[in-house]
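First the structure, in the form of structure tokens, and then the observations on it.
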Amino acid sequence: MSYELSQLEKNKVRLTIAVSPEDFQKGLDKAYHQMVGKITIPGFRKGKAPRRVIENFYGGPSIFFEDALRAVYPDAYAKAVEESGINPVDAPEIDVEKISVEEGVTFHADVWVYPEVELGQYKNLPVEKPQAVVTDDDVNAEIDRARDSRSRWVTAERAIENGDTVTFDFEGFIDDKPFEGGSAKDFTLEIGSGRFIPGFEEQMVGLSAGEEKDLSVTFPEDYHAEELKGKPAIFKVTIKEVKTKQLPELDDAFAQDAAGFDTMDEYIADVRKHLEEAAVRRADAKFENDLVDACVADSKMEVPQPMVERMIDSMVQDMQYRLMNSGIGMEDYLKYTGMSMEDLRGQYAETALQRVKGQLVLQAIQKAENLTVDENDIEKEMLEIAERIGQPVEEYKKRISEREKTYLADDALLKKTLQLMKDNAAPAPVAAPKPARKRKAPAKAKAAEEQAAGEETADKPEQAEGDKE
């Protein structure tokens with residue numbers, strides 16, 4: 001095998017690879033043994049015809065050329081890539097220049113390669129480091145979510161209010177004619193959720209169980225059903241039942257039920273602790289992303305389009321998994337949003353380009369700093385994962401594959417690179433937000449506090465008149 005390397009355009013090269021007649025002959029032999037069982041020649045049992053007979057029957061050895069090329073191409077291309085030192089980012093485009101038994105085969109492999117990165121500043125970057133701040137409002141909101149999850153719906157003997165859940169029948173009419181999909185029995189809706197078209201839920205407020213009403217609405221111009229876009233409609237509704245949400249009291253019993261703590265104070269402290277840990281992780285991740293973005297902005301590179309397309313593939317696949325977890329198929333999502341797959345990929349293009357650039361500058365930093373990982377780094381990664389999943393580290397090590405170990409090595413190298421950038425950054429601190437209101441103590445605790453405060457005041461001597469002024 002011999003090759004020649006030439007530049008086609010920025011980040012795209014051509015390998016002209018020549019496979020000798022001897023090596024090509026080996027490929028022809030391999031192709032014959034793969035194909036002979038599928039070929040029928042008169043006078044021979046299937047799979048028993050000699051190669052020469054098959055070639056004569058089909059007009060020459062060219063019948064085996066395509067499969068012979070497939071046989072010799074992988075090793076020849078891999079060897080040319082290794083010897084030339086190029087770093088391909090995608091599969092090559094193959095074009096045969098000449099092929100024969102006498103001369104072997106010569107083919108072109110046009111391939112995109114990793115771009116050269118002119119690395120900009122990656123130390124002393126003027127990037128603000130976010131502060132991991134958790135306010136009392138954050139704690140209150142988390143407790144409110146837990147409280148809401150333990151609420152129950154009870155029948156309300158009153159008119160509908162915003163936030164109520166209503167069971168009702170409805171039938172829709174356009175030009176006094178019912179339309180497909182415009183009616184339902186015993187439908188349940190949370191008023192104020194915005195699930196129905198604008199104006200529908202608002203007109204239900206004030207109605208009571210047993211009442212009927214005609215609701216006048218207009219379908220939005222961007223409604224997903226083409227035949228209903230912009231059409232005025234009348235919905236006849238009959239209210240069956242009104243329910244309101246009943247929330248549990250925020251007391252020690254709630255703390256025990258929600259998280260197994262004896263008191264609300266313990267529960268609130270635990271909520272704050274977990275929120276603060278999450279805030280630290282978010283702040284650190286933002287700091288890392290901002291540093292990489294700043295380095296990308298100061299670096300120069302031309303990214304081959306196949307690298308961007310591969311990143312878009314990954315992003316689309318991630319989205320598809322998320323949709324599947326929500327019980328939605330990609331086709332249904334595209335239909336509902338009125339997008340094509342091309343539109344969706346287009347939305348990801350800019351973010352994908354930025355991510356690829358981020359990967360390239362991180363690799364350039366690793367090269368510039370001669371950063372590597374060793375067994376100790378991988379051991380640390382395995383220990384962290386084992387602790388996170390609650391498994392003995394030795395047991396985790398036994399079931400980890402070599403592929404997973406390579407992934408851990410890559411992850412360790414990434415962490416080491418980002419840590420270098422953070423250690424050498426020159427961030428200015430962000431002003432911390434002002435503390436918000438605190439969660440009010442449960443009624444019993446509040447009464448005890450007021451009583452204690454009153455006793456403390458009663459024990460104090462009164463101020464002298466002069467001191468009061």
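We label chains A, B, ... in the order they appear in the structure tokens, count residues from 1 in each chain, and number ligands from 1 in the order shown.
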Tell me, as number ranges by chain, which residues lie within 12 Å of Tyr336 in chain A, counting only C-alpha atoms; anything in the same chain fewer than 6 positions away does not count.
A: 222-226, 328-330
Can you write just those residues out, all heavy atoms, as a PDB file, in the first residue's frame?
ATOM      1  N   ASP A 222     -52.886  30.728  15.499  1.00  0.00           N
ATOM      2  CA  ASP A 222     -51.838  29.714  15.413  1.00  0.00           C
ATOM      3  C   ASP A 222     -52.276  28.376  15.998  1.00  0.00           C
ATOM      4  O   ASP A 222     -51.446  27.545  16.366  1.00  0.00           O
ATOM      5  CB  ASP A 222     -50.565  30.190  16.124  1.00  0.00           C
ATOM      6  CG  ASP A 222     -50.792  30.492  17.606  1.00  0.00           C
ATOM      7  OD1 ASP A 222     -51.964  30.488  18.040  1.00  0.00           O
ATOM      8  OD2 ASP A 222     -49.799  30.730  18.320  1.00  0.00           O
ATOM      9  N   TYR A 223     -53.592  28.151  16.095  1.00  0.00           N
ATOM     10  CA  TYR A 223     -54.104  26.896  16.645  1.00  0.00           C
ATOM     11  C   TYR A 223     -53.640  25.720  15.795  1.00  0.00           C
ATOM     12  O   TYR A 223     -53.502  25.834  14.567  1.00  0.00           O
ATOM     13  CB  TYR A 223     -55.628  26.945  16.713  1.00  0.00           C
ATOM     14  CG  TYR A 223     -56.240  25.886  17.594  1.00  0.00           C
ATOM     15  CD1 TYR A 223     -56.066  25.907  18.969  1.00  0.00           C
ATOM     16  CD2 TYR A 223     -56.994  24.852  17.040  1.00  0.00           C
ATOM     17  CE1 TYR A 223     -56.633  24.935  19.781  1.00  0.00           C
ATOM     18  CE2 TYR A 223     -57.564  23.873  17.843  1.00  0.00           C
ATOM     19  CZ  TYR A 223     -57.381  23.915  19.211  1.00  0.00           C
ATOM     20  OH  TYR A 223     -57.918  22.944  20.012  1.00  0.00           O
ATOM     21  N   HIS A 224     -53.367  24.559  16.458  1.00  0.00           N
ATOM     22  CA  HIS A 224     -52.755  23.442  15.730  1.00  0.00           C
ATOM     23  C   HIS A 224     -53.687  22.803  14.702  1.00  0.00           C
ATOM     24  O   HIS A 224     -53.222  22.213  13.733  1.00  0.00           O
ATOM     25  CB  HIS A 224     -52.264  22.381  16.722  1.00  0.00           C
ATOM     26  CG  HIS A 224     -53.352  21.799  17.581  1.00  0.00           C
ATOM     27  ND1 HIS A 224     -54.130  20.761  17.164  1.00  0.00           N
ATOM     28  CD2 HIS A 224     -53.781  22.133  18.824  1.00  0.00           C
ATOM     29  CE1 HIS A 224     -54.995  20.447  18.121  1.00  0.00           C
ATOM     30  NE2 HIS A 224     -54.808  21.265  19.135  1.00  0.00           N
ATOM     31  N   ALA A 225     -55.016  22.912  14.893  1.00  0.00           N
ATOM     32  CA  ALA A 225     -55.958  22.354  13.913  1.00  0.00           C
ATOM     33  C   ALA A 225     -56.263  23.409  12.858  1.00  0.00           C
ATOM     34  O   ALA A 225     -56.848  24.457  13.159  1.00  0.00           O
ATOM     35  CB  ALA A 225     -57.228  21.884  14.604  1.00  0.00           C
ATOM     36  N   GLU A 226     -55.859  23.146  11.640  1.00  0.00           N
ATOM     37  CA  GLU A 226     -55.969  24.130  10.558  1.00  0.00           C
ATOM     38  C   GLU A 226     -57.399  24.610  10.370  1.00  0.00           C
ATOM     39  O   GLU A 226     -57.657  25.797  10.144  1.00  0.00           O
ATOM     40  CB  GLU A 226     -55.437  23.499   9.257  1.00  0.00           C
ATOM     41  CG  GLU A 226     -55.323  24.461   8.090  1.00  0.00           C
ATOM     42  CD  GLU A 226     -54.237  25.514   8.301  1.00  0.00           C
ATOM     43  OE1 GLU A 226     -53.229  25.203   8.957  1.00  0.00           O
ATOM     44  OE2 GLU A 226     -54.436  26.655   7.823  1.00  0.00           O
ATOM     45  N   ILE A 328     -44.243  11.034  24.785  1.00  0.00           N
ATOM     46  CA  ILE A 328     -44.499  11.723  23.521  1.00  0.00           C
ATOM     47  C   ILE A 328     -43.503  11.228  22.480  1.00  0.00           C
ATOM     48  O   ILE A 328     -42.303  11.152  22.741  1.00  0.00           O
ATOM     49  CB  ILE A 328     -44.353  13.256  23.677  1.00  0.00           C
ATOM     50  CG1 ILE A 328     -45.287  13.765  24.767  1.00  0.00           C
ATOM     51  CG2 ILE A 328     -44.647  13.965  22.354  1.00  0.00           C
ATOM     52  CD1 ILE A 328     -45.064  15.222  25.129  1.00  0.00           C
ATOM     53  N   GLY A 329     -43.991  10.911  21.301  1.00  0.00           N
ATOM     54  CA  GLY A 329     -43.118  10.511  20.201  1.00  0.00           C
ATOM     55  C   GLY A 329     -42.603  11.719  19.450  1.00  0.00           C
ATOM     56  O   GLY A 329     -43.249  12.777  19.435  1.00  0.00           O
ATOM     57  N   MET A 330     -41.449  11.584  18.800  1.00  0.00           N
ATOM     58  CA  MET A 330     -40.881  12.701  18.043  1.00  0.00           C
ATOM     59  C   MET A 330     -41.815  13.153  16.930  1.00  0.00           C
ATOM     60  O   MET A 330     -41.982  14.358  16.691  1.00  0.00           O
ATOM     61  CB  MET A 330     -39.517  12.301  17.481  1.00  0.00           C
ATOM     62  CG  MET A 330     -38.849  13.375  16.622  1.00  0.00           C
ATOM     63  SD  MET A 330     -38.527  14.920  17.511  1.00  0.00           S
ATOM     64  CE  MET A 330     -37.032  14.487  18.399  1.00  0.00           C
TER      65      MET A 330
END
Do a neighbour search on Val356 in chain A at 8 Å with only C-alpha atoms, toss out local chain neighbours closer than 3 positions, and write the hits as a list in words.
Val303, Met307, Val308, Met311, Ala352, Leu353, Gln359 and Leu360 of chain A
With C-alpha atoms retained, export the selected residues as a tab-separated table (two decimals), in the first residue's frame.
chain	number	residue	atom	x	y	z
A	303	VAL	CA	-15.18	24.01	12.41
A	307	MET	CA	-18.61	17.94	13.49
A	308	VAL	CA	-21.59	20.27	13.90
A	311	MET	CA	-23.35	17.28	17.65
A	352	ALA	CA	-24.15	22.76	18.48
A	353	LEU	CA	-21.46	24.92	16.86
A	359	GLN	CA	-14.66	20.86	23.02
A	360	LEU	CA	-11.93	21.97	20.63
Using only C-alpha atoms, pick whichever of A:Asn124, A:Gln419, A:Thr406, A:Gln246 has the shortest atom-to-atom distance to Arg150 in chain A.
A:Gln246
Restricting the calculation to only C-alpha atoms, which member of A:Lys286, A:Lys273, A:Arg310, A:Arg158 is positioned closest to Lys243 in chain A?
A:Arg158
Near Asp270 in chain A, within 10 Å and counting only C-alpha atoms, which residues show up once chain neighbours fewer than 6 positions away are dropped, as a PyMOL selection string?
chain A and resi 139+259+261+264+276
Could you tell me how far CA of Leu275 in chain A lies from CA of Val134 in chain A, in Å and to one decimal?
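The value is 6.7 Å.
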Residues near Leu28 in chain A, cut-off 8 Å, only C-alpha atoms, skip fewer than 6 positions along chain, as a PyMOL selection string:
chain A and resi 64-65+67-68
Have a look at CA of Leu420 in chain A and CA of Val296 in chain A and let me know their distance in Å, one decimal.
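The value is 15.9 Å.
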